[in-house]
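This is input.cif. It holds mmCIF, C-alpha atoms and all ligand atoms; chains and numbers go by the auth columns.
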data_upload
loop_
_atom_site.group_PDB
_atom_site.id
_atom_site.type_symbol
_atom_site.label_atom_id
_atom_site.label_comp_id
_atom_site.label_asym_id
_atom_site.label_seq_id
_atom_site.Cartn_x
_atom_site.Cartn_y
_atom_site.Cartn_z
_atom_site.B_iso_or_equiv
_atom_site.auth_seq_id
_atom_site.auth_asym_id
ATOM 1 C CA MET A 1 -22.445 20.039 -11.778 0.00 1 V
ATOM 2 C CA ASP A 2 -19.125 20.360 -10.014 0.00 2 V
ATOM 3 C CA LEU A 3 -17.509 17.495 -8.222 0.00 3 V
ATOM 4 C CA VAL A 4 -16.669 17.740 -4.576 0.00 4 V
ATOM 5 C CA SER A 5 -12.998 18.446 -3.999 0.00 5 V
ATOM 6 C CA LYS A 6 -11.419 18.668 -0.592 0.00 6 V
ATOM 7 C CA PRO A 7 -7.882 18.298 0.686 0.00 7 V
ATOM 8 C CA CYS A 8 -7.169 14.656 1.285 0.00 8 V
ATOM 9 C CA LYS A 9 -6.058 13.542 4.700 0.00 9 V
ATOM 10 C CA GLU A 10 -4.582 10.529 6.439 0.00 10 V
ATOM 11 C CA LEU A 11 -7.847 8.666 6.201 0.00 11 V
ATOM 12 C CA CYS A 12 -8.255 8.958 2.475 0.00 12 V
ATOM 13 C CA ASP A 13 -9.256 5.831 0.637 0.00 13 V
ATOM 14 C CA TRP A 14 -10.460 6.075 -2.954 0.00 14 V
ATOM 15 C CA ALA A 15 -12.948 3.706 -4.459 0.00 15 V
ATOM 16 C CA GLU A 16 -14.980 3.551 -7.631 0.00 16 V
ATOM 17 C CA THR A 17 -18.628 4.403 -7.119 0.00 17 V
ATOM 18 C CA PRO A 18 -21.373 2.256 -8.661 0.00 18 V
ATOM 19 C CA THR A 19 -22.741 5.255 -10.555 0.00 19 V
ATOM 20 C CA PRO A 20 -20.703 6.525 -13.510 0.00 20 V
ATOM 21 C CA ARG A 21 -21.063 10.134 -14.574 0.00 21 V
ATOM 22 C CA ASP A 22 -21.010 11.308 -18.181 0.00 22 V
ATOM 23 C CA GLY A 23 -20.027 7.781 -19.158 0.00 23 V
ATOM 24 C CA LYS A 24 -16.896 7.900 -17.027 0.00 24 V
ATOM 25 C CA LYS A 25 -16.137 6.086 -13.818 0.00 25 V
ATOM 26 C CA LEU A 26 -16.731 8.257 -10.790 0.00 26 V
ATOM 27 C CA PHE A 27 -14.464 7.780 -7.795 0.00 27 V
ATOM 28 C CA GLU A 28 -15.103 8.880 -4.272 0.00 28 V
ATOM 29 C CA CYS A 29 -12.847 9.288 -1.268 0.00 29 V
ATOM 30 C CA SER A 30 -14.284 7.837 1.894 0.00 30 V
ATOM 31 C CA GLY A 31 -11.837 9.865 3.975 0.00 31 V
ATOM 32 C CA CYS A 32 -12.686 13.421 2.964 0.00 32 V
ATOM 33 C CA GLY A 33 -15.644 13.051 0.616 0.00 33 V
ATOM 34 C CA SER A 34 -13.886 14.286 -2.523 0.00 34 V
ATOM 35 C CA GLN A 35 -14.972 13.030 -5.910 0.00 35 V
ATOM 36 C CA TRP A 36 -12.880 12.503 -9.003 0.00 36 V
ATOM 37 C CA MET A 37 -13.286 11.344 -12.545 0.00 37 V
ATOM 38 C CA ARG A 38 -11.202 11.274 -15.694 0.00 38 V
ATOM 39 C CA GLY A 39 -10.450 14.778 -16.947 0.00 39 V
ATOM 40 C CA GLU A 40 -10.128 16.427 -13.563 0.00 40 V
ATOM 41 C CA PRO A 41 -6.942 18.531 -13.348 0.00 41 V
ATOM 42 C CA TRP A 42 -5.689 16.772 -10.219 0.00 42 V
ATOM 43 C CA THR A 43 -4.899 13.247 -9.210 0.00 43 V
ATOM 44 C CA PRO A 44 -6.406 11.469 -6.218 0.00 44 V
ATOM 45 C CA ARG A 45 -4.026 10.157 -3.597 0.00 45 V
ATOM 46 C CA GLN A 46 -4.487 7.562 -0.939 0.00 46 V
ATOM 47 C CA HIS A 47 -3.528 8.199 2.656 0.00 47 V
ATOM 48 C CA ASP A 48 -0.173 6.603 1.904 0.00 48 V
ATOM 49 C CA GLY A 49 0.508 8.910 -1.033 0.00 49 V
ATOM 50 C CA THR A 50 -0.094 6.379 -3.768 0.00 50 V
ATOM 51 C CA THR A 51 -2.577 6.675 -6.596 0.00 51 V
ATOM 52 C CA PRO A 52 -5.112 3.847 -6.658 0.00 52 V
ATOM 53 C CA PRO A 53 -4.582 1.448 -9.593 0.00 53 V
ATOM 54 C CA ALA A 54 -8.142 1.932 -10.793 0.00 54 V
ATOM 55 C CA VAL A 55 -7.553 5.690 -10.925 0.00 55 V
ATOM 56 C CA GLN A 56 -4.255 5.183 -12.751 0.00 56 V
ATOM 57 C CA ALA A 57 -6.077 3.102 -15.337 0.00 57 V
ATOM 58 C CA GLU A 58 -8.570 5.902 -15.900 0.00 58 V
ATOM 59 C CA ILE A 59 -5.844 8.517 -16.281 0.00 59 V
ATOM 60 C CA ARG A 60 -3.984 6.362 -18.783 0.00 60 V
ATOM 61 C CA ILE A 61 -7.051 6.393 -21.023 0.00 61 V
ATOM 62 C CA SER A 62 -6.722 10.123 -21.602 0.00 62 V
ATOM 63 C CA GLN A 63 -3.034 10.595 -20.769 0.00 63 V
ATOM 64 C CA PRO A 64 -1.243 7.388 -21.743 0.00 64 V
ATOM 65 C CA TRP A 65 2.147 9.062 -21.512 0.00 65 V
ATOM 66 C CA LEU A 66 1.904 9.419 -17.750 0.00 66 V
ATOM 67 C CA SER A 67 3.549 6.866 -15.536 0.00 67 V
ATOM 68 C CA PHE A 68 3.055 6.088 -11.881 0.00 68 V
ATOM 69 C CA GLY A 69 4.863 4.498 -9.041 0.00 69 V
ATOM 70 C CA SER A 70 8.476 3.625 -8.542 0.00 70 V
ATOM 71 C CA GLY A 71 8.519 0.412 -10.509 0.00 71 V
ATOM 72 C CA GLY A 72 11.424 0.267 -12.907 0.00 72 V
ATOM 73 C CA SER A 73 11.211 -0.693 -16.530 0.00 73 V
HETATM 74 ZN ZN ZN B . -9.628 12.301 0.399 0.00 1 I
#

Translate this structure into structure tokens?
Ligand SMILES: [Zn+2]
Amino acid sequence: MDLVSKPCKELCDWAETPTPRDGKKLFECSGCGSQWMRGEPWTPRQHDGTTPPAVQAEIRISQPWLSFGSGGS
């Protein structure tokens, strides 16, 4: 079953849902109704353009080489 994917808008606010799917955390955007979980080919963004820390943690599980944010080393 496909996840819902819509263009995110100013109201977007991602949160983990209480119901995992396929053993992975399922996230949902309260702004546009999109859904995301690890393995999707795109990355959720908040209304302010950032990626939620909980989403970053999920992505790092499968793609640990990715880095986020502007924080220096
Ligand atoms: Zn959204």

Using 10 Å as the limit and counting only C-alpha atoms and all ligand atoms, can you tabulate each residue of chain V that touches ligand ZN 1 (chain I), with its shortest atom-to-atom distance in Å and the two atoms involved, as JSON lines?
{"residue": "V:Ser5", "atom": "CA", "partner": "I:ZN1", "partner_atom": "ZN", "distance": 8.3}
{"residue": "V:Lys6", "atom": "CA", "partner": "I:ZN1", "partner_atom": "ZN", "distance": 6.7}
{"residue": "V:Pro7", "atom": "CA", "partner": "I:ZN1", "partner_atom": "ZN", "distance": 6.3}
{"residue": "V:Cys8", "atom": "CA", "partner": "I:ZN1", "partner_atom": "ZN", "distance": 3.5}
{"residue": "V:Lys9", "atom": "CA", "partner": "I:ZN1", "partner_atom": "ZN", "distance": 5.7}
{"residue": "V:Glu10", "atom": "CA", "partner": "I:ZN1", "partner_atom": "ZN", "distance": 8.1}
{"residue": "V:Leu11", "atom": "CA", "partner": "I:ZN1", "partner_atom": "ZN", "distance": 7.1}
{"residue": "V:Cys12", "atom": "CA", "partner": "I:ZN1", "partner_atom": "ZN", "distance": 4.2}
{"residue": "V:Asp13", "atom": "CA", "partner": "I:ZN1", "partner_atom": "ZN", "distance": 6.5}
{"residue": "V:Trp14", "atom": "CA", "partner": "I:ZN1", "partner_atom": "ZN", "distance": 7.1}
{"residue": "V:Glu28", "atom": "CA", "partner": "I:ZN1", "partner_atom": "ZN", "distance": 8.0}
{"residue": "V:Cys29", "atom": "CA", "partner": "I:ZN1", "partner_atom": "ZN", "distance": 4.7}
{"residue": "V:Ser30", "atom": "CA", "partner": "I:ZN1", "partner_atom": "ZN", "distance": 6.6}
{"residue": "V:Gly31", "atom": "CA", "partner": "I:ZN1", "partner_atom": "ZN", "distance": 4.9}
{"residue": "V:Cys32", "atom": "CA", "partner": "I:ZN1", "partner_atom": "ZN", "distance": 4.1}
{"residue": "V:Gly33", "atom": "CA", "partner": "I:ZN1", "partner_atom": "ZN", "distance": 6.1}
{"residue": "V:Ser34", "atom": "CA", "partner": "I:ZN1", "partner_atom": "ZN", "distance": 5.5}
{"residue": "V:Gln35", "atom": "CA", "partner": "I:ZN1", "partner_atom": "ZN", "distance": 8.3}
{"residue": "V:Trp36", "atom": "CA", "partner": "I:ZN1", "partner_atom": "ZN", "distance": 10.0}
{"residue": "V:Pro44", "atom": "CA", "partner": "I:ZN1", "partner_atom": "ZN", "distance": 7.4}
{"residue": "V:Arg45", "atom": "CA", "partner": "I:ZN1", "partner_atom": "ZN", "distance": 7.2}
{"residue": "V:Gln46", "atom": "CA", "partner": "I:ZN1", "partner_atom": "ZN", "distance": 7.1}
{"residue": "V:His47", "atom": "CA", "partner": "I:ZN1", "partner_atom": "ZN", "distance": 7.7}

Grab the atom CA of V:Gly23 to atom CA of V:Gly49 distance for me, in Å with one decimal place. 27.4 Å

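Here atom CA of V:Thr43 and atom CA of V:Pro64 stand 14.3 Å from one another.
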
Once the PyMOL selection byres (((chain V and resi 24) around 12) and not hetatm) has been evaluated on this model, what residues remain selected, and can you format them as number ranges by chain? V: 16-23, 25-27, 36-40, 55, 57-59, 61-62

Might I get the box with edges along x, y and z of the file that holds all atoms of stretch 14-26 of chain V listed there, padded by 3 Å on every side, given as centre and edge lengths in Å to one decimal, as AutoDock Vina command-line options?
--center_x -16.6 --center_y 6.8 --center_z -11.1 --size_x 18.3 --size_y 15.1 --size_z 22.2

Output stretch 7-41 of chain V as an mmCIF file, in the coordinates of the input, making sure N, CA and C atoms are there.
data_model
loop_
_atom_site.group_PDB
_atom_site.id
_atom_site.type_symbol
_atom_site.label_atom_id
_atom_site.label_comp_id
_atom_site.auth_asym_id
_atom_site.auth_seq_id
_atom_site.Cartn_x
_atom_site.Cartn_y
_atom_site.Cartn_z
ATOM 1 N N PRO V 7 -9.237 18.792 0.452
ATOM 2 C CA PRO V 7 -7.882 18.298 0.686
ATOM 3 C C PRO V 7 -7.911 16.928 1.333
ATOM 4 N N CYS V 8 -7.174 16.012 0.763
ATOM 5 C CA CYS V 8 -7.169 14.656 1.285
ATOM 6 C C CYS V 8 -6.324 14.572 2.558
ATOM 7 N N LYS V 9 -6.720 13.675 3.404
ATOM 8 C CA LYS V 9 -6.058 13.542 4.700
ATOM 9 C C LYS V 9 -5.545 12.124 4.912
ATOM 10 N N GLU V 10 -5.172 11.846 6.128
ATOM 11 C CA GLU V 10 -4.582 10.529 6.439
ATOM 12 C C GLU V 10 -5.565 9.397 6.207
ATOM 13 N N LEU V 11 -6.843 9.724 6.268
ATOM 14 C CA LEU V 11 -7.847 8.666 6.201
ATOM 15 C C LEU V 11 -8.267 8.349 4.781
ATOM 16 N N CYS V 12 -7.719 9.050 3.821
ATOM 17 C CA CYS V 12 -8.255 8.958 2.475
ATOM 18 C C CYS V 12 -8.118 7.570 1.861
ATOM 19 N N ASP V 13 -9.214 7.145 1.259
ATOM 20 C CA ASP V 13 -9.256 5.831 0.637
ATOM 21 C C ASP V 13 -10.221 5.912 -0.543
ATOM 22 N N TRP V 14 -9.660 5.873 -1.747
ATOM 23 C CA TRP V 14 -10.460 6.075 -2.954
ATOM 24 C C TRP V 14 -11.061 4.773 -3.443
ATOM 25 N N ALA V 15 -12.284 4.875 -3.901
ATOM 26 C CA ALA V 15 -12.948 3.706 -4.459
ATOM 27 C C ALA V 15 -13.876 4.149 -5.578
ATOM 28 N N GLU V 16 -14.063 3.258 -6.536
ATOM 29 C CA GLU V 16 -14.980 3.551 -7.631
ATOM 30 C C GLU V 16 -16.416 3.477 -7.122
ATOM 31 N N THR V 17 -17.215 4.438 -7.508
ATOM 32 C CA THR V 17 -18.628 4.403 -7.119
ATOM 33 C C THR V 17 -19.404 3.579 -8.138
ATOM 34 N N PRO V 18 -20.564 3.076 -7.741
ATOM 35 C CA PRO V 18 -21.373 2.256 -8.661
ATOM 36 C C PRO V 18 -22.103 3.086 -9.707
ATOM 37 N N THR V 19 -21.988 4.413 -9.631
ATOM 38 C CA THR V 19 -22.741 5.255 -10.555
ATOM 39 C C THR V 19 -21.812 6.126 -11.383
ATOM 40 N N PRO V 20 -21.534 5.704 -12.610
ATOM 41 C CA PRO V 20 -20.703 6.525 -13.510
ATOM 42 C C PRO V 20 -21.363 7.864 -13.804
ATOM 43 N N ARG V 21 -20.540 8.830 -14.199
ATOM 44 C CA ARG V 21 -21.063 10.134 -14.574
ATOM 45 C C ARG V 21 -20.520 10.499 -15.946
ATOM 46 N N ASP V 22 -21.401 10.945 -16.822
ATOM 47 C CA ASP V 22 -21.010 11.308 -18.181
ATOM 48 C C ASP V 22 -20.275 10.163 -18.872
ATOM 49 N N GLY V 23 -20.642 8.937 -18.530
ATOM 50 C CA GLY V 23 -20.027 7.781 -19.158
ATOM 51 C C GLY V 23 -18.640 7.461 -18.641
ATOM 52 N N LYS V 24 -18.207 8.163 -17.610
ATOM 53 C CA LYS V 24 -16.896 7.900 -17.027
ATOM 54 C C LYS V 24 -17.075 7.355 -15.616
ATOM 55 N N LYS V 25 -16.093 6.588 -15.180
ATOM 56 C CA LYS V 25 -16.137 6.086 -13.818
ATOM 57 C C LYS V 25 -15.997 7.243 -12.845
ATOM 58 N N LEU V 26 -16.799 7.227 -11.823
ATOM 59 C CA LEU V 26 -16.731 8.257 -10.790
ATOM 60 C C LEU V 26 -16.152 7.640 -9.524
ATOM 61 N N PHE V 27 -15.118 8.274 -9.009
ATOM 62 C CA PHE V 27 -14.464 7.780 -7.795
ATOM 63 C C PHE V 27 -14.783 8.702 -6.633
ATOM 64 N N GLU V 28 -14.793 8.099 -5.456
ATOM 65 C CA GLU V 28 -15.103 8.880 -4.272
ATOM 66 C C GLU V 28 -14.135 8.500 -3.150
ATOM 67 N N CYS V 29 -13.759 9.510 -2.382
ATOM 68 C CA CYS V 29 -12.847 9.288 -1.268
ATOM 69 C C CYS V 29 -13.658 9.173 0.013
ATOM 70 N N SER V 30 -13.515 8.041 0.665
ATOM 71 C CA SER V 30 -14.284 7.837 1.894
ATOM 72 C C SER V 30 -13.689 8.616 3.057
ATOM 73 N N GLY V 31 -12.476 9.135 2.895
ATOM 74 C CA GLY V 31 -11.837 9.865 3.975
ATOM 75 C C GLY V 31 -12.309 11.304 4.062
ATOM 76 N N CYS V 32 -12.348 11.997 2.927
ATOM 77 C CA CYS V 32 -12.686 13.421 2.964
ATOM 78 C C CYS V 32 -13.902 13.762 2.108
ATOM 79 N N GLY V 33 -14.422 12.801 1.377
ATOM 80 C CA GLY V 33 -15.644 13.051 0.616
ATOM 81 C C GLY V 33 -15.418 13.651 -0.755
ATOM 82 N N SER V 34 -14.148 13.757 -1.193
ATOM 83 C CA SER V 34 -13.886 14.286 -2.523
ATOM 84 C C SER V 34 -14.356 13.306 -3.593
ATOM 85 N N GLN V 35 -14.605 13.863 -4.769
ATOM 86 C CA GLN V 35 -14.972 13.030 -5.910
ATOM 87 C C GLN V 35 -14.022 13.324 -7.054
ATOM 88 N N TRP V 36 -13.814 12.331 -7.886
ATOM 89 C CA TRP V 36 -12.880 12.503 -9.003
ATOM 90 C C TRP V 36 -13.334 11.647 -10.171
ATOM 91 N N MET V 37 -13.126 12.157 -11.353
ATOM 92 C CA MET V 37 -13.286 11.344 -12.545
ATOM 93 C C MET V 37 -12.303 11.820 -13.611
ATOM 94 N N ARG V 38 -12.156 10.994 -14.627
ATOM 95 C CA ARG V 38 -11.202 11.274 -15.694
ATOM 96 C C ARG V 38 -11.420 12.685 -16.231
ATOM 97 N N GLY V 39 -10.333 13.432 -16.419
ATOM 98 C CA GLY V 39 -10.450 14.778 -16.947
ATOM 99 C C GLY V 39 -10.280 15.851 -15.890
ATOM 100 N N GLU V 40 -10.380 15.463 -14.633
ATOM 101 C CA GLU V 40 -10.128 16.427 -13.563
ATOM 102 C C GLU V 40 -8.650 16.803 -13.580
ATOM 103 N N PRO V 41 -8.331 18.061 -13.239
ATOM 104 C CA PRO V 41 -6.942 18.531 -13.348
ATOM 105 C C PRO V 41 -6.047 18.101 -12.200
#
